[in-house]
>>> print(open('target_16.cif').read())   # mmCIF, C-alpha atoms
data_entry
loop_
_atom_site.label_atom_id
_atom_site.label_comp_id
_atom_site.auth_asym_id
_atom_site.auth_seq_id
_atom_site.Cartn_x
_atom_site.Cartn_y
_atom_site.Cartn_z
CA MET A 1 -36.16 -60.45 -120.34
CA PRO A 2 -39.21 -58.61 -118.91
CA ARG A 3 -40.80 -55.97 -121.05
CA LEU A 4 -40.60 -52.36 -119.83
CA ARG A 5 -43.82 -50.70 -118.80
CA HIS A 6 -44.54 -47.45 -120.61
CA HIS A 7 -44.95 -45.37 -117.48
CA PRO A 8 -43.28 -41.89 -117.96
CA ARG A 9 -41.66 -41.91 -114.54
CA THR A 10 -40.35 -45.44 -115.07
CA LEU A 11 -39.01 -44.53 -118.51
CA ARG A 12 -37.21 -41.49 -117.11
CA ALA A 13 -35.63 -43.57 -114.35
CA VAL A 14 -34.54 -46.29 -116.75
CA SER A 15 -33.17 -43.72 -119.23
CA ALA A 16 -31.15 -42.01 -116.49
CA ALA A 17 -29.75 -45.34 -115.30
CA LEU A 18 -28.93 -46.34 -118.87
CA LEU A 19 -27.14 -43.06 -119.55
CA THR A 20 -25.15 -43.44 -116.33
CA ALA A 21 -24.14 -46.97 -117.29
CA LEU A 22 -23.14 -45.89 -120.79
CA ALA A 23 -21.06 -43.03 -119.42
CA ALA A 24 -19.29 -45.38 -117.03
CA LEU A 25 -18.62 -47.83 -119.86
CA ALA A 26 -17.23 -45.06 -122.07
CA ALA A 27 -14.93 -43.88 -119.29
CA LEU A 28 -13.72 -47.45 -118.73
CA LEU A 29 -13.02 -47.95 -122.43
CA THR A 30 -11.19 -44.62 -122.63
CA ALA A 31 -9.03 -45.48 -119.63
CA THR A 32 -8.13 -48.98 -120.82
CA ALA A 33 -7.92 -48.65 -124.59
CA PRO A 34 -4.39 -48.29 -125.99
CA ALA A 35 -3.44 -45.15 -127.87
CA GLN A 36 -4.37 -45.56 -131.50
CA ALA A 37 -1.02 -44.16 -132.66
CA ASP A 38 1.05 -46.77 -130.82
CA THR A 39 2.74 -49.28 -133.13
CA THR A 40 4.90 -52.18 -131.90
CA VAL A 41 7.86 -53.30 -134.01
CA CYS A 42 9.63 -56.59 -133.23
CA GLU A 43 11.40 -57.31 -136.53
CA GLU A 44 15.19 -57.19 -136.21
CA PHE A 45 15.59 -54.07 -138.35
CA GLY A 46 11.92 -53.07 -138.48
CA SER A 47 10.85 -49.44 -138.31
CA THR A 48 7.86 -47.11 -138.36
CA VAL A 49 7.27 -43.34 -138.71
CA ILE A 50 6.14 -40.94 -135.97
CA GLN A 51 5.06 -37.29 -136.19
CA GLY A 52 5.15 -37.74 -139.96
CA ARG A 53 8.86 -36.86 -139.92
CA TYR A 54 10.97 -39.22 -137.77
CA VAL A 55 11.74 -42.94 -138.04
CA VAL A 56 11.63 -45.24 -135.00
CA GLN A 57 13.78 -48.32 -135.53
CA ASN A 58 14.17 -51.54 -133.54
CA ASN A 59 17.77 -52.00 -134.81
CA ARG A 60 18.56 -55.29 -133.02
CA TRP A 61 21.93 -56.24 -134.46
CA GLY A 62 24.04 -57.74 -131.64
CA THR A 63 21.80 -60.51 -130.29
CA SER A 64 19.27 -63.13 -131.38
CA ALA A 65 17.15 -62.55 -128.26
CA PRO A 66 13.71 -60.99 -128.84
CA GLN A 67 13.38 -57.21 -128.74
CA CYS A 68 10.38 -54.98 -129.43
CA VAL A 69 9.87 -51.23 -129.52
CA THR A 70 6.50 -49.50 -129.31
CA ALA A 71 6.34 -46.21 -131.17
CA THR A 72 4.28 -43.51 -129.45
CA ASP A 73 3.06 -40.13 -130.68
CA ASN A 74 6.33 -38.39 -129.75
CA GLY A 75 8.90 -41.16 -129.20
CA PHE A 76 9.06 -44.83 -128.29
CA ARG A 77 9.46 -47.27 -125.41
CA LEU A 78 11.37 -50.54 -125.29
CA THR A 79 8.63 -53.06 -124.48
CA GLN A 80 10.73 -56.22 -124.73
CA ALA A 81 14.50 -56.53 -124.40
CA ASP A 82 15.47 -60.08 -123.54
CA GLY A 83 18.96 -61.46 -122.93
CA SER A 84 22.34 -59.94 -122.28
CA VAL A 85 25.79 -59.64 -123.84
CA PRO A 86 29.21 -59.15 -122.16
CA THR A 87 29.66 -55.62 -120.85
CA ASN A 88 33.25 -55.45 -122.16
CA GLY A 89 32.04 -55.73 -125.76
CA ALA A 90 29.47 -54.20 -128.08
CA PRO A 91 25.84 -53.65 -127.00
CA LYS A 92 23.06 -55.89 -128.27
CA SER A 93 21.12 -53.20 -130.18
CA TYR A 94 20.39 -49.53 -130.69
CA PRO A 95 16.61 -48.94 -130.55
CA SER A 96 16.27 -45.33 -131.58
CA VAL A 97 14.45 -42.53 -133.36
CA PHE A 98 16.12 -40.51 -136.09
CA ASN A 99 16.08 -37.63 -138.53
CA GLY A 100 18.07 -38.35 -141.69
CA CYS A 101 19.08 -41.52 -143.48
CA HIS A 102 20.15 -44.89 -142.07
CA TYR A 103 20.97 -47.78 -144.45
CA THR A 104 18.74 -46.28 -147.20
CA ASN A 105 15.88 -45.69 -144.73
CA CYS A 106 15.33 -41.92 -144.80
CA SER A 107 12.90 -40.03 -142.58
CA PRO A 108 10.09 -38.20 -144.41
CA GLY A 109 10.98 -34.69 -145.55
CA THR A 110 14.47 -34.75 -144.03
CA ALA A 111 17.03 -32.08 -145.00
CA LEU A 112 19.81 -34.67 -144.60
CA PRO A 113 22.35 -35.43 -145.93
CA ALA A 114 23.52 -31.80 -145.83
CA ARG A 115 27.00 -30.34 -146.19
CA ILE A 116 28.39 -29.26 -142.82
CA SER A 117 29.52 -25.86 -144.09
CA GLY A 118 25.96 -25.14 -145.22
CA ILE A 119 24.27 -25.89 -141.90
CA SER A 120 23.74 -22.88 -139.63
CA SER A 121 22.18 -24.87 -136.77
CA ALA A 122 20.63 -28.26 -136.02
CA PRO A 123 18.49 -27.84 -132.88
CA SER A 124 17.36 -31.01 -131.14
CA SER A 125 15.58 -31.86 -127.91
CA ILE A 126 15.12 -35.11 -126.00
CA SER A 127 13.26 -36.38 -122.95
CA TYR A 128 14.26 -39.80 -121.62
CA GLY A 129 12.63 -42.31 -119.30
CA TYR A 130 15.11 -44.52 -117.42
CA VAL A 131 14.93 -47.86 -115.57
CA ASP A 132 17.09 -49.39 -112.84
CA ASN A 133 17.24 -53.09 -113.70
CA ALA A 134 19.36 -52.86 -116.83
CA VAL A 135 22.83 -52.06 -118.16
CA TYR A 136 22.71 -49.45 -120.92
CA ASN A 137 23.56 -46.01 -122.16
CA ALA A 138 21.15 -43.32 -123.33
CA SER A 139 22.81 -41.69 -126.30
CA TYR A 140 22.68 -39.65 -129.45
CA ASP A 141 24.35 -41.15 -132.51
CA ILE A 142 25.38 -38.57 -135.13
CA TRP A 143 26.88 -39.68 -138.45
CA LEU A 144 29.26 -37.81 -140.76
CA ASP A 145 30.72 -38.80 -144.12
CA PRO A 146 32.81 -37.21 -146.91
CA THR A 147 29.95 -38.04 -149.32
CA PRO A 148 26.18 -37.48 -149.10
CA ARG A 149 25.58 -41.19 -148.76
CA THR A 150 22.30 -42.61 -147.52
CA ASP A 151 23.42 -46.24 -147.20
CA GLY A 152 25.95 -48.26 -145.22
CA VAL A 153 28.41 -47.11 -142.58
CA ASN A 154 29.60 -43.50 -142.50
CA ARG A 155 33.21 -42.52 -141.86
CA THR A 156 32.79 -40.80 -138.47
CA GLU A 157 30.34 -41.46 -135.65
CA ILE A 158 29.69 -38.96 -132.84
CA MET A 159 28.11 -40.40 -129.70
CA ILE A 160 26.69 -38.26 -126.88
CA TRP A 161 26.12 -40.35 -123.75
CA LEU A 162 23.49 -38.58 -121.62
CA ASN A 163 23.35 -41.48 -119.16
CA LYS A 164 25.43 -44.56 -118.38
CA VAL A 165 24.26 -47.41 -116.13
CA GLY A 166 26.56 -50.34 -115.35
CA PRO A 167 30.21 -51.24 -116.09
CA ILE A 168 30.30 -50.06 -119.70
CA GLN A 169 32.44 -47.54 -121.54
CA PRO A 170 32.67 -45.98 -125.01
CA ILE A 171 34.87 -47.28 -127.81
CA GLY A 172 38.55 -46.38 -127.47
CA SER A 173 39.98 -44.50 -124.53
CA GLN A 174 39.42 -41.22 -122.73
CA VAL A 175 41.49 -38.44 -124.29
CA GLY A 176 40.44 -35.58 -122.02
CA THR A 177 37.46 -33.40 -121.22
CA ALA A 178 35.74 -30.65 -123.18
CA THR A 179 33.00 -28.08 -122.75
CA VAL A 180 30.50 -28.37 -125.59
CA ALA A 181 27.01 -26.84 -125.77
CA GLY A 182 27.42 -25.37 -122.30
CA ARG A 183 28.25 -28.67 -120.57
CA THR A 184 31.45 -30.45 -119.57
CA TRP A 185 32.02 -33.92 -121.02
CA GLN A 186 34.51 -36.76 -120.84
CA VAL A 187 35.87 -37.20 -124.37
CA TRP A 188 36.66 -40.69 -125.71
CA SER A 189 38.20 -41.47 -129.08
CA GLY A 190 38.67 -44.75 -130.95
CA GLY A 191 37.49 -46.88 -133.84
CA ASN A 192 35.47 -50.05 -134.27
CA GLY A 193 37.14 -51.34 -137.43
CA THR A 194 34.67 -49.71 -139.80
CA ASN A 195 34.55 -46.07 -138.68
CA ASP A 196 36.03 -43.53 -136.28
CA VAL A 197 34.09 -42.90 -133.07
CA LEU A 198 34.23 -39.75 -130.93
CA SER A 199 32.18 -39.99 -127.73
CA PHE A 200 31.11 -37.29 -125.29
CA VAL A 201 30.09 -38.74 -121.91
CA ALA A 202 28.09 -36.78 -119.33
CA PRO A 203 29.50 -37.10 -115.78
CA SER A 204 25.95 -37.52 -114.42
CA ALA A 205 22.61 -38.49 -115.90
CA ILE A 206 20.71 -35.99 -118.08
CA SER A 207 17.02 -36.83 -118.42
CA SER A 208 16.03 -34.02 -120.80
CA TRP A 209 17.93 -31.49 -122.86
CA SER A 210 17.71 -29.06 -125.77
CA PHE A 211 20.88 -28.23 -127.68
CA ASP A 212 22.46 -27.60 -131.08
CA VAL A 213 23.86 -30.76 -132.67
CA MET A 214 26.24 -28.58 -134.68
CA ASP A 215 28.18 -27.73 -131.50
CA PHE A 216 29.30 -31.37 -131.40
CA VAL A 217 29.84 -31.54 -135.16
CA ARG A 218 32.11 -28.49 -135.05
CA ALA A 219 34.01 -29.93 -132.07
CA THR A 220 34.57 -33.09 -134.13
CA VAL A 221 35.81 -31.06 -137.12
CA ALA A 222 38.17 -29.18 -134.80
CA ARG A 223 39.68 -32.53 -133.72
CA GLY A 224 40.36 -33.48 -137.34
CA LEU A 225 37.81 -36.33 -137.51
CA ALA A 226 35.70 -34.60 -140.18
CA GLY A 227 35.87 -31.67 -142.58
CA ASN A 228 33.57 -28.74 -143.21
CA ASP A 229 33.06 -30.11 -146.72
CA TRP A 230 31.75 -33.41 -145.27
CA TYR A 231 28.06 -34.23 -144.83
CA LEU A 232 25.84 -34.69 -141.81
CA THR A 233 23.71 -37.72 -142.74
CA SER A 234 21.76 -38.73 -139.62
CA ILE A 235 20.80 -37.56 -136.12
CA GLN A 236 19.65 -40.45 -133.94
CA ALA A 237 18.69 -40.77 -130.28
CA GLY A 238 17.99 -43.89 -128.26
CA PHE A 239 19.61 -46.55 -126.10
CA GLU A 240 22.42 -49.09 -126.31
CA PRO A 241 21.39 -51.91 -123.93
CA TRP A 242 23.80 -54.63 -122.80
CA GLN A 243 21.50 -56.31 -120.29
CA ASN A 244 17.68 -56.19 -120.25
CA GLY A 245 16.25 -52.72 -120.98
CA ALA A 246 12.47 -53.16 -121.07
CA GLY A 247 10.81 -49.94 -119.97
CA LEU A 248 13.43 -47.56 -121.34
CA ALA A 249 11.72 -44.76 -123.22
CA VAL A 250 12.27 -41.71 -125.36
CA ASN A 251 9.29 -39.68 -124.17
CA SER A 252 9.79 -37.00 -126.80
CA PHE A 253 12.26 -36.17 -129.57
CA SER A 254 12.69 -33.33 -132.01
CA SER A 255 15.33 -32.55 -134.60
CA SER A 256 15.63 -29.99 -137.37
CA VAL A 257 18.42 -28.83 -139.64
CA ASN A 258 18.72 -25.20 -140.69
CA THR A 259 20.74 -24.61 -143.83
CA GLY A 260 21.99 -21.36 -145.27
CA GLY A 261 25.69 -21.08 -144.51
CA SER A 262 28.03 -21.56 -141.62
CA GLY A 263 27.43 -18.10 -140.26
CA ASP A 264 29.60 -15.14 -141.20
CA PRO A 265 30.62 -13.25 -138.03
CA GLY A 266 29.25 -10.08 -139.65
CA THR A 267 25.80 -11.60 -140.19
CA PRO A 268 23.18 -10.26 -137.76
CA ALA A 269 21.96 -12.78 -135.22
CA ALA A 270 18.54 -14.29 -135.90
CA CYS A 271 17.44 -13.40 -132.36
CA THR A 272 18.15 -10.94 -129.58
CA VAL A 273 17.81 -11.54 -125.85
CA SER A 274 17.38 -8.84 -123.22
CA TYR A 275 18.11 -10.04 -119.67
CA ALA A 276 17.21 -7.58 -116.89
CA ALA A 277 17.98 -8.66 -113.31
CA ASN A 278 16.91 -7.18 -109.99
CA VAL A 279 19.35 -8.43 -107.34
CA TRP A 280 19.34 -8.51 -103.53
CA PRO A 281 21.53 -10.51 -101.11
CA GLY A 282 20.98 -14.19 -101.88
CA GLY A 283 18.18 -13.67 -104.39
CA PHE A 284 17.14 -12.07 -107.66
CA THR A 285 14.48 -11.84 -110.31
CA ALA A 286 15.19 -11.85 -114.03
CA ASN A 287 12.95 -10.55 -116.81
CA VAL A 288 13.90 -12.01 -120.19
CA THR A 289 12.70 -10.76 -123.58
CA VAL A 290 13.37 -12.82 -126.70
CA THR A 291 13.09 -11.06 -130.06
CA ASN A 292 12.85 -12.93 -133.35
CA ASN A 293 14.99 -11.05 -135.89
CA GLY A 294 14.21 -13.51 -138.67
CA SER A 295 11.74 -13.28 -141.53
CA ALA A 296 9.69 -16.31 -140.44
CA PRO A 297 7.86 -17.06 -137.18
CA VAL A 298 9.46 -19.30 -134.55
CA ASP A 299 7.03 -21.99 -133.38
CA GLY A 300 7.40 -23.98 -130.18
CA TRP A 301 10.16 -21.68 -128.94
CA GLN A 302 12.74 -22.78 -126.38
CA LEU A 303 15.51 -20.58 -125.00
CA ALA A 304 18.60 -22.36 -123.70
CA PHE A 305 21.15 -20.72 -121.40
CA THR A 306 23.45 -21.67 -118.54
CA LEU A 307 22.97 -20.20 -115.08
CA PRO A 308 26.29 -19.28 -113.41
CA SER A 309 27.50 -21.54 -110.62
CA GLY A 310 25.59 -21.11 -107.36
CA GLN A 311 22.37 -19.93 -108.99
CA SER A 312 19.08 -21.82 -109.11
CA VAL A 313 15.51 -21.14 -110.21
CA VAL A 314 12.88 -20.85 -107.47
CA ASN A 315 9.81 -20.17 -109.64
CA ALA A 316 9.00 -18.84 -113.10
CA TRP A 317 6.20 -17.19 -115.05
CA ASN A 318 5.19 -17.12 -118.74
CA ALA A 319 7.52 -20.11 -119.38
CA SER A 320 8.61 -23.33 -117.71
CA LEU A 321 12.30 -23.65 -116.79
CA SER A 322 14.09 -26.98 -116.43
CA PRO A 323 16.30 -28.03 -114.75
CA SER A 324 16.54 -25.51 -111.89
CA SER A 325 20.30 -24.95 -112.23
CA GLY A 326 23.14 -25.36 -114.70
CA ALA A 327 22.14 -25.61 -118.37
CA VAL A 328 18.53 -24.40 -118.25
CA THR A 329 15.90 -24.44 -120.99
CA ALA A 330 12.92 -22.08 -120.91
CA THR A 331 9.97 -23.62 -122.78
CA ALA A 332 7.03 -21.64 -124.11
CA PRO A 333 3.61 -22.17 -122.55
CA ALA A 334 1.17 -24.13 -124.70
CA GLY A 335 -0.98 -21.13 -125.57
CA ASN A 336 1.85 -18.75 -126.40
CA SER A 337 4.43 -20.80 -128.27
CA ARG A 338 4.96 -18.63 -131.37
CA ILE A 339 7.27 -15.65 -131.82
CA ALA A 340 6.22 -13.77 -134.94
CA ALA A 341 8.82 -12.46 -137.38
CA GLY A 342 10.08 -9.23 -135.84
CA GLY A 343 8.09 -9.95 -132.68
CA SER A 344 9.09 -10.89 -129.15
CA GLN A 345 8.02 -12.90 -126.12
CA SER A 346 8.89 -12.28 -122.47
CA PHE A 347 9.13 -14.47 -119.40
CA GLY A 348 10.63 -14.14 -115.96
CA PHE A 349 11.81 -16.11 -112.98
CA GLN A 350 12.90 -15.72 -109.39
CA GLY A 351 16.19 -17.28 -108.34
CA SER A 352 18.64 -17.69 -105.51
CA TYR A 353 22.42 -17.39 -105.63
CA SER A 354 25.53 -17.74 -103.52
CA GLY A 355 28.80 -15.88 -103.91
CA THR A 356 28.93 -13.10 -106.50
CA PHE A 357 25.94 -12.58 -108.77
CA ALA A 358 26.50 -12.83 -112.53
CA GLN A 359 24.26 -13.00 -115.58
CA PRO A 360 24.23 -15.73 -118.25
CA ASN A 361 26.45 -14.78 -121.16
CA ALA A 362 25.01 -16.87 -124.02
CA PHE A 363 21.52 -17.75 -125.23
CA ARG A 364 20.18 -20.04 -127.95
CA LEU A 365 16.68 -19.84 -129.40
CA ASN A 366 15.72 -23.30 -130.71
CA GLY A 367 19.42 -23.98 -131.21
CA THR A 368 20.30 -20.64 -132.85
CA ALA A 369 22.77 -18.36 -131.06
CA CYS A 370 21.25 -15.02 -130.06
CA ARG A 371 22.75 -11.56 -129.66
CA THR A 372 22.40 -10.05 -126.16
CA ALA A 373 20.92 -6.57 -125.91
#
>>> encode(input="target_16.cif", output="structure tokens")
Amino acid sequence: MPRLRHHPRTLRAVSAALLTALAALAALLTATAPAQADTTVCEEFGSTVIQGRYVVQNNRWGTSAPQCVTATDNGFRLTQADGSVPTNGAPKSYPSVFNGCHYTNCSPGTALPARISGISSAPSSISYGYVDNAVYNASYDIWLDPTPRTDGVNRTEIMIWLNKVGPIQPIGSQVGTATVAGRTWQVWSGGNGTNDVLSFVAPSAISSWSFDVMDFVRATVARGLAGNDWYLTSIQAGFEPWQNGAGLAVNSFSSSVNTGGSGDPGTPAACTVSYAANVWPGGFTANVTVTNNGSAPVDGWQLAFTLPSGQSVVNAWNASLSPSSGAVTATAPAGNSRIAAGGSQSFGFQGSYSGTFAQPNAFRLNGTACRTA
């Protein structure tokens, strides 16, 4: 290799070229290097922890074909899902992420198991990534038992199917429809020989949602499949694949359980929502103020409400709203995601409507029902 001459101009040119090359190499390494937090699990019942509070599990129980999940910062993706099983039987696995306890594997710092009567709310949110070349459901799996057990099979299983692809159906038979958490569901009831199963099936795919798990727990109690003195032991979200499934992803997941009673009707709401609309033919604007009546701040706030039929969001400010119609969730902007105790945050949006204008009649702040001002 020739030796460099010590001419100042030459040294400056070489230094500039070297810095440019190093910058290009750094950019290439940054673009191609995998995220340091990603962990791949291929063991049949292997698991890992994400966010320091949730467990991602491979949970391959219905097939001997290879399956791997890769845990990400906020969820997981199914990176290998070989083989298939008959679509008129059980799925081949349930790769998932959970808060709570599953066969003695408990997520760090979980409040579960917790007695149902002592849970005021259990807000959860999910964002899914779907694929076309597979047969699967995207579902929550919620477990209830008369005892605070952390091992084995619980007495009652609640499934919430947010998407269904292919000729598959829940356990049992359809027993009707129900409106739960602001949405209408097909309701299926049955048993698999070890536990009762109550399934709520969305009529069309839901890719992201924020809701209160306790709405489904209370609907299950009302149907006599659990009691208020029972325990909520686990809140899980993932996929049941029958055929293939590589590429399916939970992009993000959150779950918390708020204890402190079932909520006396005389107890003041933990939040208040003021909804002021300015309406003209075919359109409107709405200014929404959310007040935190609690004694602790609310971080990462989300306000869920259902727009009346015929209404849709055109644009929004000081929050992002998704989807544009139906059950909508307003999510705080990154730089303004805290509502201090006794404080408030405001956002607004412009919308369109057909027919007669009406305002939403119920709001939930991070899963907690709010009073309307």
>>> resolve_selection(input="target_16.cif", expression="the PyMOL selection byres ((chain A and resi 146) around 12)", output="PyMOL selection string")
chain A and resi 113-116+143-145+147-150+153-156+221+225-233
>>> atom_distance(input="target_16.cif", atom1="atom CA of A:Ser121", atom2="atom CA of A:Ala270")
11.2 Å
>>> resolve_selection(input="target_16.cif", expression="the PyMOL selection byres ((chain A and resi 177) around 12)", output="mmCIF file with C-alpha atoms, in the coordinates of the input")
data_model
loop_
_atom_site.group_PDB
_atom_site.id
_atom_site.type_symbol
_atom_site.label_atom_id
_atom_site.label_comp_id
_atom_site.auth_asym_id
_atom_site.auth_seq_id
_atom_site.Cartn_x
_atom_site.Cartn_y
_atom_site.Cartn_z
ATOM 1 C CA SER A 173 39.980 -44.500 -124.530
ATOM 2 C CA GLN A 174 39.420 -41.220 -122.730
ATOM 3 C CA VAL A 175 41.490 -38.440 -124.290
ATOM 4 C CA GLY A 176 40.440 -35.580 -122.020
ATOM 5 C CA ALA A 178 35.740 -30.650 -123.180
ATOM 6 C CA THR A 179 33.000 -28.080 -122.750
ATOM 7 C CA VAL A 180 30.500 -28.370 -125.590
ATOM 8 C CA ARG A 183 28.250 -28.670 -120.570
ATOM 9 C CA THR A 184 31.450 -30.450 -119.570
ATOM 10 C CA TRP A 185 32.020 -33.920 -121.020
ATOM 11 C CA GLN A 186 34.510 -36.760 -120.840
ATOM 12 C CA VAL A 187 35.870 -37.200 -124.370
ATOM 13 C CA TRP A 188 36.660 -40.690 -125.710
ATOM 14 C CA SER A 189 38.200 -41.470 -129.080
ATOM 15 C CA SER A 199 32.180 -39.990 -127.730
ATOM 16 C CA PHE A 200 31.110 -37.290 -125.290
ATOM 17 C CA VAL A 201 30.090 -38.740 -121.910
ATOM 18 C CA ALA A 202 28.090 -36.780 -119.330
ATOM 19 C CA PRO A 203 29.500 -37.100 -115.780
ATOM 20 C CA ALA A 219 34.010 -29.930 -132.070
#
>>> residues_near_point(input="target_16.cif", point="(12.4, -15.0, -128.5)", cutoff="6 Å", atoms="all atoms listed in the file", output="list of chain:residue names")
A:Val290, A:Thr291, A:Asn292, A:Ser344, A:Gln345
>>> axis_aligned_box(input="target_16.cif", around="stretch 89-102 of chain A", padding_each_side="8 Å", output="AutoDock Vina command-line options")
--center_x 23.2 --center_y -46.8 --center_z -134.6 --size_x 33.6 --size_y 34.3 --size_z 33.7
>>> residues_around(input="target_16.cif", residues="A:Phe305", least_positions_apart="5", cutoff="9 Å", atoms="all atoms listed in the file", output="list of chain:residue names")
A:Gly182, A:Gly326, A:Ala327, A:Val328, A:Thr329, A:Ala330, A:Pro360, A:Asn361, A:Ala362, A:Phe363, A:Arg364
>>> closest_residue(input="target_16.cif", among="A:Ala249, A:Ile168, A:Ala277, A:Leu162", to="A:Thr79", atoms="only C-alpha atoms")
A:Ala249
>>> resolve_selection(input="target_16.cif", expression="the PyMOL selection byres ((chain A and resi 333) around 12)", output="ChimeraX atom specification")
/A:299-302,316-321,330-332,334-339,345-347
>>> atom_distance(input="target_16.cif", atom1="atom CA of A:Ser64", atom2="atom CA of A:Phe45")
12.0 Å
>>> atom_distance(input="target_16.cif", atom1="atom CA of A:Phe76", atom2="atom CA of A:Asn251")
6.6 Å
>>> closest_residue(input="target_16.cif", among="A:Val217, A:Arg371, A:Thr289, A:Gly247", to="A:Ile119", atoms="all atoms listed in the file")
A:Val217
>>> closest_residue(input="target_16.cif", among="A:Val279, A:Ala237, A:Val288, A:Cys68", to="A:Ser124", atoms="all atoms listed in the file")
A:Ala237
>>> closest_residue(input="target_16.cif", among="A:Thr72, A:Thr110, A:Gln51, A:Thr368", to="A:Met214", atoms="all atoms listed in the file")
A:Thr368
>>> residues_around(input="target_16.cif", residues="A:Thr63", least_positions_apart="4", cutoff="12 Å", atoms="all atoms listed in the file", output="PyMOL selection string")
chain A and resi 44+59+67+81-86+90-94+241-244
>>> closest_residue(input="target_16.cif", among="A:Ala276, A:Asn315, A:Ala286, A:Asn258", to="A:Gly118", atoms="all atoms listed in the file")
A:Asn258
>>> closest_residue(input="target_16.cif", among="A:Ser208, A:Ser107, A:Thr87, A:Thr39", to="A:Ser322", atoms="only C-alpha atoms")
A:Ser208
>>> residues_around(input="target_16.cif", residues="A:Thr104", least_positions_apart="2", cutoff="7 Å", atoms="all atoms listed in the file", output="JSON, numbers by chain")
{"A": [101, 102, 106, 150, 151]}
>>> residues_around(input="target_16.cif", residues="A:Gly109", least_positions_apart="5", cutoff="10 Å", atoms="only C-alpha atoms", output="PyMOL selection string")
chain A and resi 52-54+99-100
